[in-house]
file protein_2.txt (compact mmCIF, C-alpha atoms)
# COMPACT_ATOMS: atom_id res chain seq x y z
CA MET N 96 101.49 47.36 41.18
CA LYS N 97 104.32 48.79 39.10
CA MET N 98 105.34 47.42 35.70
CA THR N 99 108.53 48.10 33.73
CA PHE N 100 109.47 46.95 30.22
CA TRP N 101 113.03 45.63 29.80
CA GLY N 102 112.66 43.79 26.48
CA VAL N 103 109.87 44.21 23.93
CA ARG N 104 110.99 42.61 20.62
CA GLY N 105 109.91 39.22 19.37
CA SER N 106 111.89 36.38 17.76
CA LEU N 107 115.39 37.86 18.07
CA ALA N 108 117.15 40.91 19.42
CA ALA N 109 117.17 43.90 17.05
CA PRO N 110 119.64 46.60 18.18
CA GLN N 111 119.70 49.97 16.43
CA THR N 112 121.99 49.95 13.40
CA ALA N 113 124.39 52.74 12.47
CA LEU N 114 122.22 53.57 9.45
CA GLN N 115 119.07 53.84 11.57
CA ILE N 116 120.82 56.22 13.97
CA GLN N 117 122.17 58.28 11.07
CA ASP N 118 118.66 58.50 9.60
CA LYS N 119 117.33 59.80 12.91
CA ILE N 120 120.07 62.43 13.15
CA THR N 121 119.37 63.54 9.59
CA ALA N 122 115.64 63.81 10.28
CA VAL N 123 116.29 65.92 13.40
CA VAL N 124 118.72 68.26 11.62
CA GLN N 125 116.19 68.85 8.83
CA ARG N 126 113.67 70.06 11.41
CA ILE N 127 115.94 72.64 13.06
CA SER N 128 115.42 76.35 12.40
CA ALA N 129 117.53 79.27 13.60
CA ALA N 130 114.96 80.07 16.29
CA ASP N 131 115.31 76.56 17.73
CA ILE N 132 118.94 77.14 18.81
CA GLN N 133 118.80 80.71 20.07
CA SER N 134 118.69 79.77 23.76
CA PRO N 135 118.82 76.75 26.08
CA ASP N 136 115.05 77.00 26.56
CA ALA N 137 114.48 77.08 22.80
CA ARG N 138 116.68 74.04 22.29
CA GLN N 139 114.88 72.14 25.05
CA PHE N 140 111.49 73.04 23.62
CA PHE N 141 112.60 71.89 20.17
CA LEU N 142 113.65 68.51 21.56
CA SER N 143 110.40 68.13 23.47
CA GLN N 144 108.43 68.56 20.23
CA LEU N 145 110.25 65.82 18.32
CA PRO N 146 108.18 62.71 17.52
CA ALA N 147 108.76 59.76 19.84
CA TRP N 148 110.35 57.62 17.11
CA LEU N 149 113.11 60.22 16.74
CA TYR N 150 113.70 61.17 20.36
CA GLY N 151 114.09 57.67 21.77
CA THR N 152 113.55 54.06 20.75
CA ALA N 153 111.15 51.22 21.45
CA GLY N 154 114.19 49.04 22.13
CA GLY N 155 115.73 45.94 20.67
CA ASN N 156 115.82 43.32 23.45
CA THR N 157 113.69 40.19 23.44
CA PRO N 158 110.82 39.86 25.94
CA CYS N 159 111.24 40.70 29.60
CA THR N 160 108.80 42.64 31.76
CA GLU N 161 109.10 43.34 35.47
CA LEU N 162 106.11 43.57 37.82
CA GLU N 163 106.43 44.66 41.44
CA THR N 164 103.37 44.24 43.64
CA ASP N 165 102.33 46.74 46.27
CA SER N 166 103.42 44.28 48.96
CA GLY N 167 106.94 44.05 47.48
CA THR N 168 106.87 40.77 45.54
CA HIS N 169 109.29 40.96 42.59
CA ILE N 170 108.01 39.26 39.44
CA ILE N 171 109.69 38.77 36.06
CA LEU N 172 107.66 37.92 32.97
CA ASP N 173 109.85 36.07 30.47
CA ALA N 174 113.61 35.82 30.32
CA GLY N 175 114.59 37.31 26.98
CA THR N 176 117.70 39.43 26.52
CA GLY N 177 115.97 42.26 28.36
CA LEU N 178 116.60 40.26 31.55
CA ARG N 179 120.22 41.35 31.46
CA GLU N 180 119.14 45.00 31.44
CA LEU N 181 117.00 44.33 34.49
CA SER N 182 119.85 42.54 36.26
CA VAL N 183 122.21 45.52 35.98
CA SER N 184 119.61 48.06 37.17
CA LYS N 185 120.31 49.65 40.53
CA HIS N 186 117.17 48.43 42.32
CA ALA N 187 117.65 44.80 41.25
CA GLN N 188 120.82 44.44 43.30
CA SER N 189 118.94 44.54 46.61
CA VAL N 190 116.25 41.97 45.73
CA ARG N 191 116.73 38.57 47.37
CA GLU N 192 113.76 36.68 45.94
CA TRP N 193 112.55 36.69 42.34
CA HIS N 194 109.53 35.02 40.76
CA LEU N 195 110.13 34.30 37.06
CA PHE N 196 107.05 33.44 34.96
CA LEU N 197 107.81 32.00 31.52
CA SER N 198 105.12 32.32 28.87
CA HIS N 199 106.72 29.42 26.97
CA TYR N 200 110.12 28.00 26.14
CA HIS N 201 110.88 29.42 22.70
CA TRP N 202 114.42 30.68 22.73
CA ASP N 203 113.64 34.41 22.59
CA HIS N 204 111.85 34.02 25.93
CA ILE N 205 114.59 32.14 27.81
CA GLN N 206 117.88 33.23 26.22
CA GLY N 207 118.53 35.97 28.79
CA LEU N 208 118.49 33.63 31.80
CA PRO N 209 122.22 32.75 31.65
CA PHE N 210 122.96 36.48 31.91
CA PHE N 211 120.66 37.16 34.88
CA THR N 212 123.56 38.07 37.16
CA CYS N 213 121.31 38.63 40.18
CA ALA N 214 120.62 34.88 40.35
CA TYR N 215 124.33 34.08 40.69
CA ASN N 216 124.28 35.68 44.14
CA PRO N 217 124.16 32.81 46.69
CA GLN N 218 121.77 34.91 48.82
CA VAL N 219 119.17 35.10 46.02
CA ARG N 220 116.35 32.60 45.53
CA LEU N 221 114.77 32.20 42.10
CA HIS N 222 111.27 30.74 41.66
CA ILE N 223 110.52 29.65 38.08
CA TYR N 224 106.95 29.12 36.84
CA GLY N 225 105.90 27.70 33.48
CA GLN N 226 104.00 25.11 31.51
CA LYS N 227 104.11 21.70 33.11
CA THR N 228 107.09 19.87 31.60
CA ASP N 229 110.72 19.23 32.49
CA MET N 230 111.63 22.87 33.04
CA HIS N 231 115.03 22.00 34.49
CA GLN N 232 116.02 20.06 31.39
CA ILE N 233 114.81 22.77 29.01
CA LEU N 234 116.53 25.65 30.80
CA SER N 235 119.74 23.77 31.53
CA ALA N 236 120.09 22.61 27.91
CA GLN N 237 120.90 26.10 26.63
CA MET N 238 123.63 26.39 29.30
CA SER N 239 125.25 23.04 28.55
CA ALA N 240 128.50 22.61 26.62
CA PRO N 241 129.29 23.72 23.99
CA TYR N 242 126.62 26.46 24.14
CA PHE N 243 127.61 28.12 27.40
CA PRO N 244 130.70 27.95 29.63
CA VAL N 245 128.84 27.56 32.96
CA SER N 246 126.09 24.98 33.57
CA PHE N 247 122.65 25.76 34.96
CA ASP N 248 123.28 23.71 38.11
CA ASP N 249 126.66 25.31 38.76
CA SER N 250 125.08 28.75 38.32
CA PHE N 251 121.83 28.46 40.27
CA SER N 252 122.16 25.15 42.13
CA ASP N 253 119.31 24.41 44.56
CA ARG N 254 118.40 28.11 44.80
CA ALA N 255 116.22 27.69 41.69
CA LEU N 256 112.79 26.32 42.61
CA PHE N 257 110.47 25.08 39.86
CA HIS N 258 106.69 25.51 39.88
CA PRO N 259 105.03 23.66 36.94
CA LEU N 260 101.61 25.05 36.00
CA GLU N 261 98.59 23.80 34.07
CA ASP N 262 95.96 25.71 32.13
CA GLY N 263 93.57 27.41 34.55
CA ASP N 264 95.74 27.19 37.67
CA MET N 265 95.11 29.89 40.27
CA PHE N 266 97.12 30.65 43.40
CA GLU N 267 98.17 33.43 45.78
CA LEU N 268 101.59 35.03 45.56
CA GLY N 269 102.05 37.43 48.43
CA SER N 270 99.08 39.79 48.25
CA ALA N 271 98.40 39.05 44.56
CA LEU N 272 96.08 36.47 43.03
CA VAL N 273 97.77 34.79 40.06
CA SER N 274 96.05 32.78 37.33
CA CYS N 275 97.14 31.45 33.95
CA ARG N 276 95.50 30.50 30.65
CA ARG N 277 96.91 28.60 27.68
CA LEU N 278 97.00 30.65 24.47
CA ASN N 279 96.83 29.88 20.76
CA HIS N 280 100.49 29.60 19.76
CA PRO N 281 102.63 26.85 18.20
CA GLY N 282 103.69 24.69 21.13
CA GLY N 283 101.43 26.67 23.47
CA SER N 284 102.00 29.81 25.50
CA PHE N 285 100.65 31.00 28.86
CA ALA N 286 99.02 34.31 29.69
CA TYR N 287 99.37 35.40 33.31
CA SER N 288 96.90 37.49 35.30
CA PHE N 289 97.84 39.32 38.50
CA GLU N 290 95.15 40.86 40.69
CA GLU N 291 95.98 42.95 43.74
CA GLY N 292 93.50 45.15 45.56
CA GLN N 293 91.18 46.56 42.92
CA LYS N 294 93.74 46.35 40.09
CA LYS N 295 94.26 43.73 37.41
CA PHE N 296 97.28 43.27 35.14
CA ILE N 297 97.64 40.66 32.38
CA TYR N 298 100.68 39.66 30.36
CA ALA N 299 99.77 37.81 27.13
CA THR N 300 102.48 37.47 24.53
CA ASP N 301 102.91 35.06 21.62
CA VAL N 302 99.23 34.58 20.88
CA GLU N 303 97.21 34.42 17.68
CA LEU N 304 93.66 35.76 17.78
CA THR N 305 91.31 33.54 15.79
CA ASN N 306 87.68 34.60 15.36
CA GLY N 307 88.10 36.98 18.27
CA GLN N 308 89.40 34.28 20.62
CA CYS N 309 92.90 33.67 21.94
CA CYS N 310 92.71 30.82 24.47
CA VAL N 311 92.81 27.07 23.82
CA LYS N 312 89.78 26.65 26.13
CA PRO N 313 86.94 29.17 26.69
CA GLU N 314 88.45 32.14 28.51
CA HIS N 315 85.33 33.02 30.53
CA ASP N 316 86.21 36.14 32.56
CA PHE N 317 89.99 35.88 32.39
CA PHE N 318 90.55 39.07 30.36
CA LYS N 319 87.49 41.05 31.46
CA HIS N 320 87.91 44.45 33.10
CA THR N 321 91.70 44.40 33.00
CA ASP N 322 93.39 47.68 33.91
CA ILE N 323 96.63 47.06 31.97
CA LEU N 324 96.93 44.39 29.27
CA VAL N 325 100.29 43.67 27.62
CA PHE N 326 99.41 41.85 24.40
CA ASP N 327 101.17 40.51 21.33
CA ALA N 328 100.42 42.88 18.41
CA GLN N 329 103.26 42.05 16.06
CA TYR N 330 101.37 42.17 12.77
CA THR N 331 99.38 44.47 10.55
CA GLU N 332 96.11 43.03 9.21
CA LEU N 333 97.83 42.20 5.91
CA GLU N 334 100.69 40.38 7.63
CA ALA N 335 98.30 38.44 9.84
CA GLY N 336 96.49 37.19 6.75
CA ILE N 337 99.72 36.01 5.16
CA LYS N 338 101.18 34.50 8.34
CA ARG N 339 98.25 32.46 9.63
CA ASN N 340 99.16 29.92 12.31
CA TRP N 341 102.46 31.65 13.02
CA GLY N 342 101.15 32.48 16.48
CA HIS N 343 100.93 36.28 16.56
CA SER N 344 98.20 38.92 16.28
CA ALA N 345 97.32 42.03 14.28
CA PHE N 346 96.96 45.25 16.26
CA GLY N 347 93.46 45.92 14.90
CA ASP N 348 92.23 42.54 16.14
CA VAL N 349 93.84 43.22 19.52
CA ILE N 350 91.91 46.48 19.81
CA ASP N 351 88.59 44.76 19.09
CA PHE N 352 89.43 41.91 21.48
CA ALA N 353 90.32 44.25 24.34
CA GLU N 354 87.40 46.65 23.78
CA ASN N 355 84.92 43.78 23.86
CA ARG N 356 86.22 42.72 27.28
CA GLY N 357 86.24 46.10 28.97
CA VAL N 358 90.02 46.43 29.08
CA LYS N 359 91.14 49.94 30.01
CA LYS N 360 94.56 50.10 28.35
CA VAL N 361 96.64 47.86 26.06
CA TYR N 362 100.38 47.98 25.48
CA PHE N 363 101.35 46.54 22.08
CA PHE N 364 104.15 44.04 22.63
CA HIS N 365 106.44 41.52 20.88
CA HIS N 366 107.41 43.96 18.12
CA ASP N 367 108.62 42.61 14.80
CA PRO N 368 112.45 42.67 14.79
CA ALA N 369 112.41 44.00 11.22
CA TYR N 370 110.40 47.08 12.15
CA SER N 371 112.06 50.44 12.72
CA ASP N 372 110.93 52.83 15.43
CA LYS N 373 109.26 54.93 12.73
CA GLN N 374 107.22 51.93 11.56
CA LEU N 375 106.23 50.96 15.09
CA TYR N 376 104.98 54.44 15.92
CA ALA N 377 103.16 54.58 12.58
CA GLN N 378 101.30 51.43 13.64
CA LEU N 379 100.46 53.07 16.96
CA ASP N 380 99.10 56.16 15.16
CA ALA N 381 97.01 53.92 12.89
CA ALA N 382 95.66 52.07 15.93
CA ARG N 383 94.64 55.30 17.62
CA ARG N 384 92.92 56.55 14.47
CA TYR N 385 91.00 53.29 14.26
CA ILE N 386 89.90 53.69 17.89
CA GLU N 387 88.78 57.27 17.27
CA VAL N 388 86.86 56.48 14.08
CA SER N 389 85.14 53.45 15.62
CA GLN N 390 84.36 55.45 18.81
CA LYS N 391 85.99 52.96 21.16
CA THR N 392 87.06 53.86 24.70
CA LEU N 393 90.21 51.75 24.85
CA ALA N 394 93.59 53.42 25.38
CA VAL N 395 96.62 51.99 23.55
CA ASP N 396 100.35 52.57 23.73
CA LEU N 397 103.60 51.03 22.58
CA ALA N 398 105.70 48.87 24.91
CA CYS N 399 109.07 50.60 25.08
CA GLU N 400 112.13 49.52 27.01
CA GLY N 401 112.61 51.50 30.22
CA LYS N 402 108.97 52.61 30.39
CA THR N 403 107.46 52.20 33.86
CA VAL N 404 103.68 52.10 34.38
CA ILE N 405 101.67 52.18 37.60
CA VAL N 406 98.78 49.74 37.27

call {"tool": "encode", "arguments": {"input": "protein_2.txt", "output": "structure tokens"}}
result
Amino acid sequence: MKMTFWGVRGSLAAPQTALQIQDKITAVVQRISAADIQSPDARQFFLSQLPAWLYGTAGGNTPCTELETDSGTHIILDAGTGLRELSVSKHAQSVREWHLFLSHYHWDHIQGLPFFTCAYNPQVRLHIYGQKTDMHQILSAQMSAPYFPVSFDDSFSDRALFHPLEDGDMFELGSALVSCRRLNHPGGSFAYSFEEGQKKFIYATDVELTNGQCCVKPEHDFFKHTDILVFDAQYTELEAGIKRNWGHSAFGDVIDFAENRGVKKVYFFHHDPAYSDKQLYAQLDAARRYIEVSQKTLAVDLACEGKTVIV
């Protein structure tokens, strides 16, 4: 399986501001020495040594992650504003069948759907999976007048097929085994597990860990021995204490949760829209220090737009 991040922010889109870009340029210029610009090789080496928060960005789009199975099934996890970035990518133009899994129906997870240009192609079929409710009504409401100029039915017509799910459902999708679990989040949210061959991938956003647990019902083996886990880690420990019942997790709790279940690698996801790249990478450094000091084996990284990972 191959996974790509297209949107990684929570709550609302957070594009880079002019001031943030100016601050990055200033920080880079302050690091330059005469030796760093003597030759093309020197300049390239200088750039390669810059910290990740300077030479790049985590991104500002709301949640959207793409998963392609080894057998060629194309899966989308949430329809935030990152969905537009996926729709204009070169490889997306040739796909004729998409499977969209919605964690829940909060606006930052569905607001990109009207801009999913691939689905306007009459040759494309769109399967939509989510918590059992009137999905058509929920998704069409944001495209009704006066909020959007084109209605859901005029855009997608009968090419959109709905698949309502309940907590604990399990089914086959191509060569992958899919299962879902309801998470602790206001209004509920679904985590999705995809198993193909000997690999296991789980997407679990908008979830609050409480006493080391994240599911409404006992999770049993749902998270155990996951190869790649994308997990909500929006808060620091201090923020999590202040914002109880807001539905998000602290990165330290996520580390403990994943380590206790034999997860191999976690990608911190659903970044706070108020956080700069520098703050996000500082959290990642703090997480890695915590892992080292506590002698854990878990690997952690930051979900960044455009990053592709082989599961």

call {"tool": "closest_residue", "arguments": {"input": "protein_2.txt", "among": "N:His222, N:Arg179, N:Lys185, N:Arg191", "to": "Asp253 in chain N", "atoms": "only C-alpha atoms"}}
result
N:His222

call {"tool": "closest_residue", "arguments": {"input": "protein_2.txt", "among": "N:Lys97, N:Lys227, N:His280, N:His199", "to": "Glu161 in chain N", "atoms": "all atoms listed in the file"}}
result
N:Lys97

call {"tool": "closest_residue", "arguments": {"input": "protein_2.txt", "among": "N:Pro110, N:Ser250, N:Leu149, N:Tyr362", "to": "Thr403 in chain N", "atoms": "only C-alpha atoms"}}
result
N:Tyr362

call {"tool": "atom_distance", "arguments": {"input": "protein_2.txt", "atom1": "CA of Gly263 in chain N", "atom2": "CA of Ala236 in chain N"}}
result
27.8 Å

call {"tool": "atom_distance", "arguments": {"input": "protein_2.txt", "atom1": "CA of Gln206 in chain N", "atom2": "CA of Leu178 in chain N"}}
result
8.9 Å

call {"tool": "closest_residue", "arguments": {"input": "protein_2.txt", "among": "N:Thr212, N:Ser389, N:Ser239, N:Gln329", "to": "Asp351 in chain N", "atoms": "all atoms listed in the file"}}
result
N:Ser389

call {"tool": "residues_around", "arguments": {"input": "protein_2.txt", "residues": "Met265 in chain N", "least_positions_apart": "2", "cutoff": "9 Å", "atoms": "all atoms listed in the file", "output": "ChimeraX atom specification"}}
result
/N:263,267,272-275

call {"tool": "write_last_selection", "arguments": {"input": "protein_2.txt", "atoms": "C-alpha atoms", "output": "PDB file, keeping the file's coordinate frame"}}
result
ATOM      1  CA  GLY N 263      93.570  27.410  34.550  1.00  0.00           C
ATOM      2  CA  GLU N 267      98.170  33.430  45.780  1.00  0.00           C
ATOM      3  CA  LEU N 272      96.080  36.470  43.030  1.00  0.00           C
ATOM      4  CA  VAL N 273      97.770  34.790  40.060  1.00  0.00           C
ATOM      5  CA  SER N 274      96.050  32.780  37.330  1.00  0.00           C
ATOM      6  CA  CYS N 275      97.140  31.450  33.950  1.00  0.00           C
TER       7      CYS N 275
END

call {"tool": "residues_around", "arguments": {"input": "protein_2.txt", "residues": "Phe352 in chain N", "least_positions_apart": "6", "cutoff": "9 Å", "atoms": "all atoms listed in the file", "output": "list in words"}}
result
Leu304, Gly307, Gln308, Cys309 and Val358 of chain N

call {"tool": "residues_around", "arguments": {"input": "protein_2.txt", "residues": "Leu145 in chain N", "least_positions_apart": "2", "cutoff": "12 Å", "atoms": "only C-alpha atoms", "output": "short mmCIF file (atom, residue, chain, number, x, y, z; two decimals) with C-alpha atoms, keeping the file's coordinate frame"}}
result
data_model
loop_
_atom_site.label_atom_id
_atom_site.label_comp_id
_atom_site.auth_asym_id
_atom_site.auth_seq_id
_atom_site.Cartn_x
_atom_site.Cartn_y
_atom_site.Cartn_z
CA LYS N 119 117.33 59.80 12.91
CA ILE N 120 120.07 62.43 13.15
CA ALA N 122 115.64 63.81 10.28
CA VAL N 123 116.29 65.92 13.40
CA VAL N 124 118.72 68.26 11.62
CA GLN N 125 116.19 68.85 8.83
CA ARG N 126 113.67 70.06 11.41
CA ILE N 127 115.94 72.64 13.06
CA ASP N 131 115.31 76.56 17.73
CA ARG N 138 116.68 74.04 22.29
CA GLN N 139 114.88 72.14 25.05
CA PHE N 140 111.49 73.04 23.62
CA PHE N 141 112.60 71.89 20.17
CA LEU N 142 113.65 68.51 21.56
CA SER N 143 110.40 68.13 23.47
CA ALA N 147 108.76 59.76 19.84
CA TRP N 148 110.35 57.62 17.11
CA LEU N 149 113.11 60.22 16.74
CA TYR N 150 113.70 61.17 20.36
CA GLY N 151 114.09 57.67 21.77
#

call {"tool": "atom_distance", "arguments": {"input": "protein_2.txt", "atom1": "CA of Trp341 in chain N", "atom2": "CA of Pro158 in chain N"}}
result
17.4 Å

call {"tool": "axis_aligned_box", "arguments": {"input": "protein_2.txt", "around": "range 238-252 of chain N", "padding_each_side": "6 Å", "output": "JSON"}}
result
{"center_x": 126.3, "center_y": 25.7, "center_z": 33.1, "size_x": 20.9, "size_y": 18.1, "size_z": 30.1}

call {"tool": "closest_residue", "arguments": {"input": "protein_2.txt", "among": "N:Ile386, N:Leu393, N:Val190, N:Ala299", "to": "His365 in chain N", "atoms": "all atoms listed in the file"}}
result
N:Ala299

call {"tool": "closest_residue", "arguments": {"input": "protein_2.txt", "among": "N:Ser184, N:Ser288, N:Gln237, N:Gln293", "to": "Thr99 in chain N", "atoms": "only C-alpha atoms"}}
result
N:Ser184

call {"tool": "residues_around", "arguments": {"input": "protein_2.txt", "residues": "range 319-326 of chain N", "least_positions_apart": "4", "cutoff": "6 Å", "atoms": "all atoms listed in the file", "output": "count of residues only"}}
result
15

call {"tool": "residues_around", "arguments": {"input": "protein_2.txt", "residues": "Tyr200 in chain N", "least_positions_apart": "6", "cutoff": "9 Å", "atoms": "all atoms listed in the file", "output": "ChimeraX atom specification"}}
result
/N:225-226,230,233-234,282,284

call {"tool": "write_last_selection", "arguments": {"input": "protein_2.txt", "atoms": "C-alpha atoms", "output": "compact mmCIF listing (two decimals), in the frame of the given file"}}
result
# COMPACT_ATOMS: atom_id res chain seq x y z
CA GLY N 225 105.90 27.70 33.48
CA GLN N 226 104.00 25.11 31.51
CA MET N 230 111.63 22.87 33.04
CA ILE N 233 114.81 22.77 29.01
CA LEU N 234 116.53 25.65 30.80
CA GLY N 282 103.69 24.69 21.13
CA SER N 284 102.00 29.81 25.50

call {"tool": "decode", "arguments": {"input": "protein_2.txt", "residues": "range 253-274 of chain N", "atoms": "N, CA, C and O atoms", "output": "mmCIF file, in the first residue's frame"}}
result
data_model
loop_
_atom_site.group_PDB
_atom_site.id
_atom_site.type_symbol
_atom_site.label_atom_id
_atom_site.label_comp_id
_atom_site.auth_asym_id
_atom_site.auth_seq_id
_atom_site.Cartn_x
_atom_site.Cartn_y
_atom_site.Cartn_z
ATOM 1 N N ASP N 253 -26.178 10.146 -9.987
ATOM 2 C CA ASP N 253 -26.242 8.775 -9.485
ATOM 3 C C ASP N 253 -24.879 8.084 -9.528
ATOM 4 O O ASP N 253 -24.785 6.887 -9.272
ATOM 5 N N ARG N 254 -23.823 8.828 -9.819
ATOM 6 C CA ARG N 254 -22.480 8.239 -9.823
ATOM 7 C C ARG N 254 -21.892 8.192 -8.417
ATOM 8 O O ARG N 254 -20.830 7.618 -8.208
ATOM 9 N N ALA N 255 -22.568 8.833 -7.450
ATOM 10 C CA ALA N 255 -22.148 8.771 -6.052
ATOM 11 C C ALA N 255 -22.951 7.689 -5.346
ATOM 12 O O ALA N 255 -24.181 7.741 -5.295
ATOM 13 N N LEU N 256 -22.261 6.685 -4.825
ATOM 14 C CA LEU N 256 -22.899 5.553 -4.165
ATOM 15 C C LEU N 256 -22.557 5.591 -2.673
ATOM 16 O O LEU N 256 -21.382 5.666 -2.302
ATOM 17 N N PHE N 257 -23.581 5.529 -1.820
ATOM 18 C CA PHE N 257 -23.376 5.664 -0.386
ATOM 19 C C PHE N 257 -23.337 4.304 0.304
ATOM 20 O O PHE N 257 -24.134 3.412 -0.003
ATOM 21 N N HIS N 258 -22.391 4.198 1.256
ATOM 22 C CA HIS N 258 -22.213 2.956 2.013
ATOM 23 C C HIS N 258 -22.190 3.292 3.502
ATOM 24 O O HIS N 258 -21.128 3.545 4.079
ATOM 25 N N PRO N 259 -23.358 3.325 4.169
ATOM 26 C CA PRO N 259 -23.401 3.632 5.609
ATOM 27 C C PRO N 259 -22.786 2.510 6.437
ATOM 28 O O PRO N 259 -23.003 1.329 6.166
ATOM 29 N N LEU N 260 -21.997 2.886 7.446
ATOM 30 C CA LEU N 260 -21.278 1.913 8.269
ATOM 31 C C LEU N 260 -21.667 2.055 9.737
ATOM 32 O O LEU N 260 -22.060 3.135 10.191
ATOM 33 N N GLU N 261 -21.506 0.961 10.478
ATOM 34 C CA GLU N 261 -21.714 0.958 11.911
ATOM 35 C C GLU N 261 -20.429 0.510 12.600
ATOM 36 O O GLU N 261 -19.577 -0.153 11.998
ATOM 37 N N ASP N 262 -20.314 0.874 13.848
ATOM 38 C CA ASP N 262 -19.139 0.537 14.654
ATOM 39 C C ASP N 262 -18.862 -0.963 14.597
ATOM 40 O O ASP N 262 -19.739 -1.778 14.880
ATOM 41 N N GLY N 263 -17.634 -1.318 14.197
ATOM 42 C CA GLY N 263 -17.243 -2.723 14.150
ATOM 43 C C GLY N 263 -17.439 -3.399 12.813
ATOM 44 O O GLY N 263 -17.058 -4.566 12.650
ATOM 45 N N ASP N 264 -18.002 -2.699 11.832
ATOM 46 C CA ASP N 264 -18.194 -3.312 10.513
ATOM 47 C C ASP N 264 -16.855 -3.726 9.912
ATOM 48 O O ASP N 264 -15.825 -3.073 10.115
ATOM 49 N N MET N 265 -16.880 -4.820 9.160
ATOM 50 C CA MET N 265 -15.685 -5.346 8.492
ATOM 51 C C MET N 265 -16.097 -5.876 7.128
ATOM 52 O O MET N 265 -17.114 -6.554 6.997
ATOM 53 N N PHE N 266 -15.309 -5.539 6.104
ATOM 54 C CA PHE N 266 -15.652 -5.983 4.750
ATOM 55 C C PHE N 266 -14.409 -5.949 3.865
ATOM 56 O O PHE N 266 -13.394 -5.336 4.223
ATOM 57 N N GLU N 267 -14.492 -6.606 2.720
ATOM 58 C CA GLU N 267 -13.386 -6.637 1.767
ATOM 59 C C GLU N 267 -13.584 -5.551 0.715
ATOM 60 O O GLU N 267 -14.689 -5.328 0.225
ATOM 61 N N LEU N 268 -12.486 -4.893 0.385
ATOM 62 C CA LEU N 268 -12.472 -3.889 -0.668
ATOM 63 C C LEU N 268 -11.293 -4.212 -1.576
ATOM 64 O O LEU N 268 -10.145 -3.943 -1.232
ATOM 65 N N GLY N 269 -11.585 -4.837 -2.708
ATOM 66 C CA GLY N 269 -10.506 -5.352 -3.536
ATOM 67 C C GLY N 269 -9.741 -6.408 -2.767
ATOM 68 O O GLY N 269 -10.328 -7.345 -2.222
ATOM 69 N N SER N 270 -8.437 -6.229 -2.652
ATOM 70 C CA SER N 270 -7.603 -7.193 -1.927
ATOM 71 C C SER N 270 -7.383 -6.785 -0.472
ATOM 72 O O SER N 270 -6.632 -7.447 0.245
ATOM 73 N N ALA N 271 -8.022 -5.702 -0.025
ATOM 74 C CA ALA N 271 -7.826 -5.203 1.337
ATOM 75 C C ALA N 271 -9.012 -5.564 2.229
ATOM 76 O O ALA N 271 -10.160 -5.597 1.783
ATOM 77 N N LEU N 272 -8.712 -5.813 3.487
ATOM 78 C CA LEU N 272 -9.738 -6.026 4.502
ATOM 79 C C LEU N 272 -9.899 -4.723 5.272
ATOM 80 O O LEU N 272 -8.957 -4.197 5.849
ATOM 81 N N VAL N 273 -11.123 -4.186 5.254
ATOM 82 C CA VAL N 273 -11.416 -2.899 5.873
ATOM 83 C C VAL N 273 -12.255 -3.115 7.126
ATOM 84 O O VAL N 273 -13.179 -3.927 7.127
ATOM 85 N N SER N 274 -11.936 -2.398 8.193
ATOM 86 C CA SER N 274 -12.772 -2.425 9.393
ATOM 87 C C SER N 274 -12.797 -1.022 9.997
ATOM 88 O O SER N 274 -11.917 -0.192 9.724
#
